[in-house]
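Colleague: Just one file: structure_13.cif, with mmCIF, C-alpha atoms and all ligand atoms.
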```cif
data_my_file
loop_
_atom_site.label_atom_id
_atom_site.label_comp_id
_atom_site.auth_asym_id
_atom_site.auth_seq_id
_atom_site.Cartn_x
_atom_site.Cartn_y
_atom_site.Cartn_z
CA MET A 1 40.29 48.87 84.96
CA ALA A 2 37.87 50.86 82.77
CA THR A 3 39.06 53.69 80.52
CA LEU A 4 37.93 57.25 81.12
CA GLN A 5 35.59 56.95 78.14
CA GLU A 6 34.06 53.72 79.47
CA VAL A 7 33.55 55.25 82.91
CA LEU A 8 31.92 58.35 81.48
CA GLN A 9 29.60 56.18 79.43
CA GLU A 10 28.17 54.83 82.69
CA THR A 11 27.16 58.32 83.76
CA VAL A 12 24.79 59.32 80.93
CA ARG A 13 21.12 59.67 80.13
CA GLU A 14 19.07 60.20 77.00
CA GLY A 15 19.59 63.67 75.56
CA GLU A 16 16.91 66.19 74.65
CA LEU A 17 18.70 68.02 71.85
CA TYR A 18 18.45 65.52 69.05
CA GLU A 19 16.17 63.86 66.53
CA LYS A 20 15.91 60.26 65.42
CA MET A 21 16.58 59.56 61.77
CA GLU A 22 16.24 56.69 59.33
CA ARG A 23 18.28 53.47 59.82
CA GLY A 24 19.06 54.14 63.48
CA PHE A 25 20.95 57.40 62.87
CA VAL A 26 20.46 60.41 65.15
CA ARG A 27 21.09 64.13 64.52
CA CYS A 28 22.45 66.08 67.49
CA TYR A 29 21.70 69.82 67.77
CA ALA A 30 23.74 70.68 70.86
CA CYS A 31 26.46 72.41 68.84
CA GLY A 32 27.12 73.79 65.39
CA HIS A 33 28.59 70.50 64.13
CA CYS A 34 25.04 69.04 64.06
CA CYS A 35 26.54 65.54 63.91
CA ARG A 36 24.63 62.81 62.12
CA ILE A 37 25.66 59.80 64.17
CA PRO A 38 25.19 56.12 63.27
CA ASP A 39 24.30 53.55 65.92
CA GLY A 40 27.34 52.70 68.07
CA GLN A 41 29.32 55.84 67.19
CA LEU A 42 30.39 59.00 69.02
CA GLY A 43 29.83 62.61 67.95
CA VAL A 44 32.81 64.87 67.20
CA CYS A 45 32.89 65.93 70.88
CA LYS A 46 33.36 62.27 71.96
CA VAL A 47 30.95 62.65 74.87
CA ARG A 48 27.57 62.26 73.12
CA TYR A 49 26.92 59.01 71.33
CA ASN A 50 24.29 56.90 69.62
CA GLU A 51 23.33 53.68 71.35
CA GLY A 52 20.52 51.73 69.75
CA GLY A 53 19.10 54.79 67.97
CA LYS A 54 19.08 56.96 71.13
CA LEU A 55 21.46 59.86 71.77
CA LEU A 56 23.09 59.42 75.19
CA VAL A 57 24.63 62.49 76.84
CA PRO A 58 26.81 63.25 79.90
CA TRP A 59 25.03 63.35 83.23
CA GLY A 60 25.69 63.19 86.97
CA TYR A 61 29.32 64.24 87.32
CA VAL A 62 31.67 67.21 87.21
CA ALA A 63 35.31 67.24 86.18
CA SER A 64 35.89 70.28 88.36
CA ALA A 65 34.09 72.83 90.49
CA GLN A 66 35.61 76.08 91.69
CA CYS A 67 34.62 79.42 93.21
CA ASP A 68 35.68 82.23 90.85
CA PRO A 69 35.21 85.98 91.00
CA ILE A 70 32.74 86.76 88.22
CA GLU A 71 35.39 89.08 86.76
CA LYS A 72 37.43 85.97 85.89
CA LYS A 73 34.76 84.58 83.49
CA PRO A 74 35.01 87.46 82.47
CA PHE A 75 31.68 89.22 83.00
CA PHE A 76 32.24 92.92 83.74
CA HIS A 77 28.62 94.05 83.31
CA ALA A 78 26.94 91.41 85.46
CA TYR A 79 26.82 91.54 89.25
CA PRO A 80 30.33 93.00 89.79
CA GLY A 81 32.12 91.45 92.74
CA ALA A 82 29.84 88.38 92.78
CA LEU A 83 31.18 84.93 93.46
CA ALA A 84 30.52 82.65 90.48
CA TYR A 85 30.32 79.00 91.48
CA SER A 86 31.76 77.36 88.39
CA PHE A 87 31.53 73.75 87.24
CA GLY A 88 32.51 71.83 84.15
CA MET A 89 32.29 68.37 82.66
CA MET A 90 34.64 66.89 80.06
CA GLY A 91 35.11 67.29 76.35
CA CYS A 92 34.87 69.96 73.70
CA ASP A 93 33.67 70.27 70.13
CA LEU A 94 36.85 72.17 69.16
CA HIS A 95 40.51 71.35 69.81
CA CYS A 96 42.41 74.64 70.18
CA ALA A 97 46.15 74.21 70.55
CA TYR A 98 46.29 77.05 73.09
CA CYS A 99 43.36 75.88 75.24
CA GLN A 100 43.72 77.11 78.83
CA ASN A 101 41.26 74.48 80.14
CA TRP A 102 42.77 71.55 78.27
CA VAL A 103 42.86 69.25 81.33
CA THR A 104 39.07 68.98 81.16
CA SER A 105 38.23 70.05 77.62
CA GLN A 106 40.63 67.64 75.91
CA ALA A 107 40.35 64.79 78.47
CA LEU A 108 38.94 62.42 75.85
CA ARG A 109 41.39 63.29 73.07
CA ASP A 110 44.65 63.72 74.94
CA PRO A 111 46.10 61.03 77.25
CA ASN A 112 48.01 63.72 79.19
CA ALA A 113 44.81 65.55 80.11
CA VAL A 114 44.05 63.62 83.30
CA SER A 115 41.25 65.00 85.44
CA PRO A 116 39.24 62.38 87.35
CA PRO A 117 35.49 62.98 87.33
CA LEU A 118 33.50 63.53 90.55
CA ARG A 119 29.95 62.24 91.04
CA ALA A 120 27.58 65.17 91.51
CA THR A 121 23.91 66.12 91.68
CA PRO A 122 22.31 69.46 90.76
CA GLU A 123 21.11 69.81 94.38
CA GLY A 124 24.62 69.14 95.75
CA LEU A 125 26.25 71.66 93.43
CA VAL A 126 23.73 74.39 94.23
CA ARG A 127 23.98 73.68 97.97
CA GLU A 128 27.72 74.15 97.71
CA ALA A 129 27.28 77.37 95.72
CA LEU A 130 24.97 78.77 98.41
CA GLU A 131 27.26 77.71 101.25
CA HIS A 132 30.03 79.80 99.70
CA GLY A 133 27.85 82.86 99.14
CA ALA A 134 27.77 82.56 95.33
CA ARG A 135 25.32 84.73 93.44
CA VAL A 136 25.83 83.09 90.08
CA VAL A 137 26.33 79.49 88.91
CA VAL A 138 28.34 79.09 85.71
CA SER A 139 28.94 76.15 83.36
CA THR A 140 32.53 76.48 82.13
CA TYR A 141 35.95 74.72 81.87
CA ASN A 142 34.75 72.41 79.09
CA GLU A 143 32.43 73.51 76.27
CA PRO A 144 29.06 73.79 78.02
CA LEU A 145 26.98 73.51 74.83
CA ILE A 146 27.88 69.83 74.48
CA THR A 147 26.67 69.16 78.03
CA SER A 148 23.63 71.47 77.88
CA GLU A 149 21.13 69.00 79.38
CA TRP A 150 23.21 68.68 82.56
CA ALA A 151 23.77 72.44 82.77
CA VAL A 152 20.03 73.07 82.50
CA ALA A 153 19.34 70.55 85.29
CA VAL A 154 21.82 72.42 87.54
CA PHE A 155 20.44 75.82 86.49
CA LYS A 156 16.84 74.83 87.31
CA GLU A 157 18.01 74.16 90.87
CA ALA A 158 20.05 77.37 90.90
CA ARG A 159 17.12 79.51 89.77
CA ALA A 160 14.87 77.94 92.42
CA ALA A 161 17.48 79.04 94.98
CA GLY A 162 17.48 82.63 93.64
CA LEU A 163 20.81 82.44 91.79
CA ALA A 164 21.65 83.75 88.34
CA THR A 165 23.21 81.43 85.75
CA GLY A 166 25.79 81.67 82.99
CA PHE A 167 27.60 79.91 80.14
CA VAL A 168 31.26 80.43 79.21
CA SER A 169 31.30 79.06 75.69
CA ASN A 170 32.99 79.00 72.30
CA GLY A 171 29.64 80.06 70.82
CA ASN A 172 29.39 77.21 68.32
CA GLY A 173 25.64 76.98 68.87
CA THR A 174 22.47 76.16 66.94
CA PRO A 175 18.99 77.76 67.01
CA GLN A 176 17.73 74.61 68.78
CA VAL A 177 20.24 74.73 71.64
CA LEU A 178 19.69 78.46 72.19
CA GLU A 179 15.91 77.97 72.43
CA TYR A 180 16.54 75.17 74.90
CA LEU A 181 18.87 77.31 77.05
CA ARG A 182 16.99 80.61 76.91
CA PRO A 183 14.63 79.98 79.85
CA TRP A 184 17.51 78.96 82.12
CA VAL A 185 20.62 80.94 81.16
CA ASP A 186 21.03 84.64 82.06
CA LEU A 187 24.62 85.42 81.07
CA TYR A 188 26.47 84.15 78.02
CA LYS A 189 30.14 84.71 77.29
CA VAL A 190 31.41 83.83 73.84
CA ASP A 191 35.05 83.31 73.06
CA LEU A 192 35.31 84.77 69.54
CA LYS A 193 38.71 83.39 68.64
CA SER A 194 39.29 84.84 65.20
CA PHE A 195 37.55 86.50 62.27
CA GLU A 196 38.94 84.07 59.69
CA ASP A 197 37.07 80.93 58.76
CA ARG A 198 40.36 79.19 57.87
CA GLN A 199 41.64 79.77 61.43
CA TYR A 200 38.43 78.31 62.85
CA ARG A 201 38.86 75.26 60.64
CA GLN A 202 42.32 74.74 62.17
CA LEU A 203 40.62 74.69 65.58
CA GLY A 204 38.06 72.14 64.38
CA GLY A 205 35.06 74.41 63.71
CA ARG A 206 33.56 76.94 61.30
CA MET A 207 33.13 80.66 61.88
CA GLN A 208 29.60 81.11 60.52
CA PRO A 209 27.67 79.20 63.24
CA ILE A 210 29.56 81.23 65.85
CA LEU A 211 28.72 84.60 64.28
CA GLU A 212 25.09 83.54 63.91
CA THR A 213 25.02 82.45 67.55
CA ILE A 214 26.31 85.83 68.73
CA GLY A 215 23.57 87.62 66.79
CA ARG A 216 20.88 85.26 68.09
CA LEU A 217 22.08 85.49 71.70
CA HIS A 218 21.75 89.26 71.57
CA GLU A 219 18.34 89.17 69.86
CA MET A 220 17.02 86.60 72.34
CA GLY A 221 17.93 88.72 75.35
CA PHE A 222 20.82 86.81 76.90
CA TRP A 223 23.35 89.16 78.50
CA VAL A 224 26.32 88.71 76.15
CA GLU A 225 30.00 89.56 76.61
CA ILE A 226 32.67 88.61 74.09
CA VAL A 227 36.28 87.68 74.70
CA THR A 228 39.04 87.50 72.13
CA LEU A 229 42.32 86.02 73.27
CA ILE A 230 44.83 87.97 71.20
CA VAL A 231 47.47 85.51 69.99
CA PRO A 232 50.44 87.15 68.19
CA GLY A 233 50.62 85.99 64.59
CA PHE A 234 47.28 84.14 64.82
CA ASN A 235 44.60 86.82 65.10
CA ASP A 236 46.31 90.13 65.93
CA SER A 237 46.46 91.89 62.55
CA ASP A 238 44.81 95.33 62.40
CA ASP A 239 42.64 94.17 59.52
CA GLU A 240 41.29 91.08 61.28
CA LEU A 241 40.66 92.90 64.57
CA LYS A 242 38.89 95.71 62.71
CA ARG A 243 36.54 93.33 60.89
CA LEU A 244 35.85 91.44 64.11
CA ALA A 245 35.10 94.60 66.11
CA GLU A 246 32.92 96.02 63.31
CA PHE A 247 30.91 92.81 63.30
CA LEU A 248 30.33 93.06 67.08
CA ALA A 249 29.43 96.74 66.90
CA GLY A 250 26.95 95.85 64.14
CA VAL A 251 25.24 93.38 66.49
CA SER A 252 25.25 95.98 69.28
CA PRO A 253 27.74 98.68 70.34
CA ASP A 254 26.73 97.84 73.94
CA ILE A 255 28.28 94.36 73.87
CA PRO A 256 31.41 94.46 76.07
CA TRP A 257 34.49 93.20 74.21
CA HIS A 258 37.40 91.84 76.27
CA VAL A 259 40.74 91.58 74.51
CA THR A 260 42.94 89.35 76.63
CA ALA A 261 46.61 88.44 76.62
CA PHE A 262 47.75 85.00 75.45
CA HIS A 263 50.41 83.17 77.42
CA LYS A 264 52.17 80.06 76.16
CA ASP A 265 50.05 77.05 77.02
CA TYR A 266 49.18 73.48 76.05
CA LYS A 267 50.48 72.79 72.50
CA MET A 268 50.86 76.42 71.41
CA THR A 269 54.25 77.46 72.75
CA GLU A 270 55.64 79.21 69.67
CA PRO A 271 54.07 82.68 69.62
CA GLU A 272 55.37 85.24 72.07
CA ASN A 273 53.15 86.17 74.98
CA THR A 274 50.86 89.10 74.09
CA SER A 275 52.27 92.49 75.10
CA ALA A 276 50.33 95.31 76.76
CA ARG A 277 51.00 97.39 73.64
CA THR A 278 49.18 94.85 71.46
CA LEU A 279 46.18 94.87 73.80
CA LEU A 280 46.08 98.67 73.72
CA ARG A 281 46.17 98.57 69.91
CA ALA A 282 43.32 96.02 69.80
CA ALA A 283 41.27 98.13 72.23
CA GLU A 284 41.75 101.25 70.10
CA ILE A 285 40.50 99.32 67.08
CA GLY A 286 37.44 98.20 69.07
CA LYS A 287 36.60 101.74 70.14
CA ALA A 288 37.11 103.10 66.62
CA ALA A 289 34.64 100.46 65.38
CA GLY A 290 32.02 101.93 67.73
CA LEU A 291 32.13 99.53 70.68
CA ARG A 292 31.34 101.47 73.85
CA PHE A 293 32.86 99.05 76.38
CA VAL A 294 36.26 97.58 75.56
CA TYR A 295 38.39 95.91 78.22
CA ALA A 296 41.90 94.48 78.36
CA GLY A 297 42.54 91.36 80.40
CA ASN A 298 45.28 89.06 81.74
CA LEU A 299 47.81 91.89 82.31
CA PRO A 300 46.56 93.47 85.57
CA GLY A 301 47.53 97.09 86.10
CA ARG A 302 49.40 97.35 82.78
CA THR A 303 46.74 98.51 80.34
CA GLU A 304 46.11 102.17 81.12
CA GLY A 305 42.66 101.96 82.70
CA LEU A 306 41.27 99.38 80.26
CA GLU A 307 40.15 97.22 83.18
CA ASN A 308 37.75 99.96 84.33
CA THR A 309 34.20 100.79 83.25
CA TYR A 310 33.64 104.41 82.21
CA CYS A 311 30.36 106.12 81.40
CA PRO A 312 30.17 106.26 77.60
CA ASN A 313 28.22 109.53 77.87
CA CYS A 314 30.15 111.69 80.38
CA HIS A 315 33.32 109.52 80.64
CA GLN A 316 33.34 109.41 84.45
CA LEU A 317 34.86 106.37 86.12
CA LEU A 318 32.07 103.98 87.20
CA ILE A 319 33.80 100.73 88.19
CA GLU A 320 37.51 100.57 88.99
CA ARG A 321 39.25 97.19 88.74
CA VAL A 322 42.71 95.67 88.88
CA GLY A 323 42.72 92.10 87.67
CA PHE A 324 39.61 90.49 89.20
CA HIS A 325 39.57 92.91 92.12
CA VAL A 326 36.80 95.56 92.22
CA LEU A 327 38.35 98.65 93.84
CA ALA A 328 35.43 101.07 93.47
CA TYR A 329 31.81 100.90 92.34
CA ARG A 330 29.76 104.03 91.61
CA LEU A 331 26.72 102.86 89.62
CA THR A 332 23.31 103.73 91.05
CA ALA A 333 20.99 100.96 92.27
CA GLU A 334 19.28 101.15 88.84
CA GLY A 335 22.57 100.62 86.99
CA SER A 336 23.00 104.24 85.85
CA CYS A 337 25.84 106.72 85.88
CA PRO A 338 25.53 108.80 89.10
CA ASP A 339 26.85 111.91 87.31
CA CYS A 340 24.82 112.15 84.10
CA GLY A 341 22.13 109.49 84.63
CA ALA A 342 23.00 107.46 81.50
CA ALA A 343 21.78 103.86 81.76
CA ILE A 344 24.70 101.40 81.60
CA PRO A 345 23.79 98.15 79.86
CA GLY A 346 24.21 95.00 81.96
CA ARG A 347 22.69 92.93 84.74
CA TRP A 348 23.39 94.90 87.88
CA GLY A 349 21.04 93.31 90.40
CA ALA A 350 20.20 95.56 93.33
CA GLY A 351 23.68 97.09 93.33
CA PHE A 352 27.16 96.27 94.56
CA GLN A 353 27.22 93.81 97.44
CA GLY A 354 30.96 93.71 98.10
CA GLN A 355 33.36 91.05 96.87
CA ILE A 356 33.87 87.69 98.58
CA ALA A 357 37.08 86.85 96.71
CA ALA A 358 39.24 88.48 94.07
CA PHE A 359 40.98 85.15 93.36
CA PRO A 360 39.64 81.69 92.52
CA PHE A 361 39.53 79.08 95.30
CA LEU A 362 38.41 75.49 95.63
CA PRO A 363 35.13 74.90 97.46
CA ARG A 364 35.80 74.20 101.12
CA PHE A 365 33.41 71.28 101.56
CA GLN A 366 33.75 69.26 98.37
CA ARG A 367 31.59 66.26 99.16
CA PHE A 368 31.68 64.67 95.74
CA ASP A 369 33.16 61.19 95.32
CA ARG A 370 35.82 60.52 92.74
CA ILE A 371 34.86 58.14 89.94
CA ARG A 372 37.78 55.76 89.59
CA THR A 373 39.26 55.31 86.14
CA GLY A 374 42.28 53.59 84.64
CA ARG A 375 43.63 55.48 81.63
CA ARG A 376 44.53 53.44 78.62
S1 LIG H 401 27.53 68.23 70.80
FE1 LIG H 401 28.24 68.84 68.77
S2 LIG H 401 30.05 67.54 68.41
FE2 LIG H 401 28.89 66.60 70.12
S3 LIG H 401 27.54 65.10 69.10
FE3 LIG H 401 26.37 67.01 69.34
S4 LIG H 401 26.65 68.09 67.39
FE4 LIG H 401 28.27 66.51 67.51
#
```
Represent the structure contained in this file as structure tokens.

Modeller:
Amino acid sequence: MATLQEVLQETVREGELYEKMERGFVRCYACGHCCRIPDGQLGVCKVRYNEGGKLLVPWGYVASAQCDPIEKKPFFHAYPGALAYSFGMMGCDLHCAYCQNWVTSQALRDPNAVSPPLRATPEGLVREALEHGARVVVSTYNEPLITSEWAVAVFKEARAAGLATGFVSNGNGTPQVLEYLRPWVDLYKVDLKSFEDRQYRQLGGRMQPILETIGRLHEMGFWVEIVTLIVPGFNDSDDELKRLAEFLAGVSPDIPWHVTAFHKDYKMTEPENTSARTLLRAAEIGKAAGLRFVYAGNLPGRTEGLENTYCPNCHQLLIERVGFHVLAYRLTAEGSCPDCGAAIPGRWGAGFQGQIAAFPFLPRFQRFDRIRTGRR
């Protein structure tokens, strides 16, 4: 029986984010690695490869699809309460030891990461999103940059159906991929994992392309939210958090920053789980750096109101949350504070439309066929 890699190589098409080079090489621009790939070889992500001087890229399948509250992504300033129909393919350009989506992201590097692919079409995915009442379609679970062509195909269908679109990404982008995505992606979450280049190198990347991507995303008008998973002993020093938060505030004090609690996962089982006290400390550092919207995640009800949105001008409570659950929503239809009229940055749509689910669930009518593989 075919390996997972062999099966996935039957569900590909020619990519759009690359250039042909001398002697059959290609240069891929889908992520910050910008791999120069000889004929017959894979890129670092192991899902894009050169065959006969053409770059072939993943197409026509999903590794998983799920209905998530948008608060889980997390987006707190985009359509609160909306259902985000979420899909992902396989593979990643980084290899974080604490990855919480390792079953799909590391499927091609780790023999324990078994997640059989399902055949899918953009039309089928969007039909399923609409049937569940989703307002947003999100590419997530693996690194969406490395499967950008497929995401754009799905998002074109989603836009035609009146849905918003989003990426949940490590932010290791390039100017070329951001130009390619800009017409089709509304919301962009970046996981800013550290503010030390040496830590990023441990995870298989570099920090500079990620910082540049955050700046470009903001300049280009994507709605950007940033998450930092606070891992004790890895990225939780006052100094590192201060530099990170000051960088974000320098891009824009209106960018929401989510500091979230680590729990032992995948290969990182040594550090202790993050305490509420550590999240509160990180949030204080973020506010002192000038960020106007700082949130604490993964410890519902334990972080002293840091799951809520407050007006930065008059400090009134605007959106009350516990975990992914929206308990109260007070913004005006224009996205302003009802008490002082201050405009609150975000994508608010025509206002709050209730919440279909405060917990993730699997789509009820999954009609996608499994692609059979034999792992070797
Ligand atoms: S997506 Fe990134 S890692 Fe994959 S081939 Fe392209 S540049 Fe290389």

Colleague: Closest to Val322 (chain A) among A:Glu71, A:Glu149, A:Glu10, A:Glu246, using only C-alpha atoms?

Modeller: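 The answer is A:Glu71, which sits nearest to Val322 (chain A).
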
Colleague: In file coordinates, which residues lie within 10 Å of (25.3, 70.6, 90.3) using all atoms listed in the file, given as a PyMOL selection string?

Modeller: chain A and resi 60-62+65+85-88+119-129+137+139+150-158

Colleague: Have a look at CA of Phe222 (chain A) and CA of Ala78 (chain A) and let me know their distance in Å, one decimal.

Modeller: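 Between these atoms lies a distance of 11.5 Å.
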
Colleague: Could you please determine the separation between CA of Val294 (chain A) and CA of Ala249 (chain A) in Å, to one decimal place?

Modeller: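 For CA of Val294 (chain A) relative to CA of Ala249 (chain A), the distance reads 11.1 Å.
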
Colleague: Counting all atoms listed in the file, which residues of chain A fall within 12 Å of ligand LIG 401 (chain H), and what is the closest atom pair for each with its distance in Å at one decimal, ordered by chain and rising number, as a Markdown table?

Modeller:
```
| residue | atom | partner | partner_atom | distance |
| --- | --- | --- | --- | --- |
| A:Gly15 | CA | H:LIG401 | FE3 | 9.8 |
| A:Glu16 | CA | H:LIG401 | FE3 | 10.9 |
| A:Leu17 | CA | H:LIG401 | FE3 | 8.1 |
| A:Tyr18 | CA | H:LIG401 | FE3 | 8.1 |
| A:Glu19 | CA | H:LIG401 | FE3 | 11.0 |
| A:Phe25 | CA | H:LIG401 | S3 | 11.9 |
| A:Val26 | CA | H:LIG401 | S3 | 9.4 |
| A:Arg27 | CA | H:LIG401 | S4 | 7.4 |
| A:Cys28 | CA | H:LIG401 | FE3 | 4.4 |
| A:Tyr29 | CA | H:LIG401 | S4 | 5.3 |
| A:Ala30 | CA | H:LIG401 | S1 | 4.5 |
| A:Cys31 | CA | H:LIG401 | FE1 | 4.0 |
| A:Gly32 | CA | H:LIG401 | S4 | 6.1 |
| A:His33 | CA | H:LIG401 | S4 | 4.5 |
| A:Cys34 | CA | H:LIG401 | S4 | 3.8 |
| A:Cys35 | CA | H:LIG401 | FE4 | 4.1 |
| A:Arg36 | CA | H:LIG401 | FE4 | 7.5 |
| A:Ile37 | CA | H:LIG401 | S3 | 7.5 |
| A:Pro38 | CA | H:LIG401 | S3 | 11.0 |
| A:Gln41 | CA | H:LIG401 | S3 | 9.6 |
| A:Leu42 | CA | H:LIG401 | S3 | 6.7 |
| A:Gly43 | CA | H:LIG401 | S3 | 3.6 |
| A:Val44 | CA | H:LIG401 | S2 | 4.0 |
| A:Cys45 | CA | H:LIG401 | S2 | 4.1 |
| A:Lys46 | CA | H:LIG401 | FE2 | 6.5 |
| A:Val47 | CA | H:LIG401 | FE2 | 6.5 |
| A:Arg48 | CA | H:LIG401 | S3 | 4.9 |
| A:Tyr49 | CA | H:LIG401 | S3 | 6.5 |
| A:Asn50 | CA | H:LIG401 | S3 | 8.8 |
| A:Lys54 | CA | H:LIG401 | S3 | 11.9 |
| A:Leu55 | CA | H:LIG401 | S3 | 8.5 |
| A:Leu56 | CA | H:LIG401 | S3 | 9.4 |
| A:Val57 | CA | H:LIG401 | S3 | 8.7 |
| A:Pro58 | CA | H:LIG401 | S1 | 10.4 |
| A:Met90 | CA | H:LIG401 | FE2 | 11.5 |
| A:Gly91 | CA | H:LIG401 | FE2 | 8.8 |
| A:Cys92 | CA | H:LIG401 | S2 | 7.6 |
| A:Asp93 | CA | H:LIG401 | S2 | 4.8 |
| A:Leu94 | CA | H:LIG401 | S2 | 8.3 |
| A:His95 | CA | H:LIG401 | S2 | 11.2 |
| A:Asn142 | CA | H:LIG401 | S1 | 11.8 |
| A:Glu143 | CA | H:LIG401 | S1 | 9.0 |
| A:Pro144 | CA | H:LIG401 | S1 | 9.2 |
| A:Leu145 | CA | H:LIG401 | S1 | 6.7 |
| A:Ile146 | CA | H:LIG401 | S1 | 4.0 |
| A:Thr147 | CA | H:LIG401 | S1 | 7.3 |
| A:Ser148 | CA | H:LIG401 | S1 | 8.7 |
| A:Glu149 | CA | H:LIG401 | S1 | 10.7 |
| A:Asn170 | CA | H:LIG401 | FE1 | 11.8 |
| A:Gly171 | CA | H:LIG401 | FE1 | 11.5 |
| A:Asn172 | CA | H:LIG401 | FE1 | 8.5 |
| A:Gly173 | CA | H:LIG401 | FE1 | 8.5 |
| A:Thr174 | CA | H:LIG401 | S4 | 9.1 |
| A:Gln176 | CA | H:LIG401 | S4 | 11.1 |
| A:Val177 | CA | H:LIG401 | S1 | 9.8 |
| A:Gly204 | CA | H:LIG401 | S2 | 10.1 |
| A:Gly205 | CA | H:LIG401 | S2 | 9.7 |
| A:Pro209 | CA | H:LIG401 | FE1 | 11.8 |
```

Colleague: Please provide as an MDAnalysis selection string all residues within 9 Å of His325 (chain A), with the sequence filter that same-chain residues fewer than 4 positions apart are discarded (counting only C-alpha atoms).

Modeller: chainID A and resid 69 71 81 320:321 355 357:359

Colleague: Smallest atom-to-atom distance to Thr165 (chain A): which of A:Ile319, A:Ile70, A:Ile214, A:Met89, using all atoms listed in the file?

Modeller: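 With all atoms listed in the file as the atom set, the closest residue is A:Ile70.
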
Colleague: Tell me which of A:Met21, A:Ile210, A:Met220, A:Leu163 sits closest to Glu179 (chain A), counting only C-alpha atoms.

Modeller: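 Ranking A:Met21, A:Ile210, A:Met220, A:Leu163 by distance to Glu179 (chain A), first place goes to A:Met220.
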
Colleague: Just the number, please: distance in Å from CA of Pro345 (chain A) to CA of Gln100 (chain A), one decimal.

Modeller: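 About the pair CA of Pro345 (chain A) and CA of Gln100 (chain A): they are 29.0 Å apart.
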
Colleague: Excluding Phe167 (chain A) and any residue of its chain fewer than 2 positions from it, enumerate the residues within 6 Å of it, using all atoms listed in the file, and give them as a list in words.

Modeller: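 Contacts, with the query itself left out: Val138, Ser139, Ser169 and Tyr188 of chain A.
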
Colleague: Find the nearest atom pair between each residue of region 140-257 of chain A and region 275-285 of chain A for residues within 12 Å, count all atoms listed in the file, give distances in Å to one decimal, sort rows by chain and ascending number, and present the table as CSV.

Modeller:
```
residue,atom,partner,partner_atom,distance
A:Val227,CA,A:Ala283,CA,11.8
A:Thr228,CA,A:Ala282,CA,9.8
A:Leu229,CA,A:Leu279,CA,9.7
A:Ile230,CA,A:Leu279,CA,7.5
A:Val231,CA,A:Thr278,CA,9.6
A:Pro232,CA,A:Thr278,CA,8.5
A:Gly233,CA,A:Thr278,CA,11.3
A:Asn235,CA,A:Ala282,CA,10.4
A:Asp236,CA,A:Ala282,CA,7.7
A:Ser237,CA,A:Ala282,CA,8.9
A:Asp238,CA,A:Ile285,CA,7.5
A:Asp239,CA,A:Ile285,CA,9.4
A:Glu240,CA,A:Ala282,CA,10.1
A:Leu241,CA,A:Ala282,CA,6.6
A:Lys242,CA,A:Ile285,CA,5.9
A:Arg243,CA,A:Ile285,CA,9.5
A:Leu244,CA,A:Ile285,CA,9.6
A:Ala245,CA,A:Ile285,CA,7.2
A:Glu246,CA,A:Ile285,CA,9.1
A:Leu248,CA,A:Ile285,CA,11.9
A:Ala249,CA,A:Ile285,CA,11.4
A:Pro256,CA,A:Ala283,CA,11.2
A:Trp257,CA,A:Ala283,CA,8.6
```

Colleague: Can you work out which one of A:Tyr141, A:Phe324, A:Trp223, A:Tyr180 has the shortest atom-to-atom distance to Arg347 (chain A), counting only C-alpha atoms?

Modeller: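 With only C-alpha atoms as the atom set, the closest residue is A:Trp223.
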
Colleague: Please report, as JSON, the centre and edge lengths in Å to one decimal of an axis-aligned box covering all listed atoms of region 289-308 of chain A with 6 Å per side.

Modeller:
```
{"center_x": 40.4, "center_y": 95.6, "center_z": 75.7, "size_x": 30.1, "size_y": 25.1, "size_z": 32.7}
```

Colleague: For a quick check of understanding, using only C-alpha atoms, which of A:Pro363, A:Glu212, A:Ser64, A:Tyr98 has the smallest distance to Ala261 (chain A)?

Modeller: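 Checking each candidate against Ala261 (chain A), we get A:Tyr98 as the closest.
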
Colleague: Smallest atom-to-atom distance to Trp59 (chain A): which of A:Gln199, A:Ser252, A:Asn101, A:Gln9, using all atoms listed in the file?

Modeller: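 Of A:Gln199, A:Ser252, A:Asn101, A:Gln9, the one nearest Trp59 (chain A), counting all atoms listed in the file, is A:Gln9.
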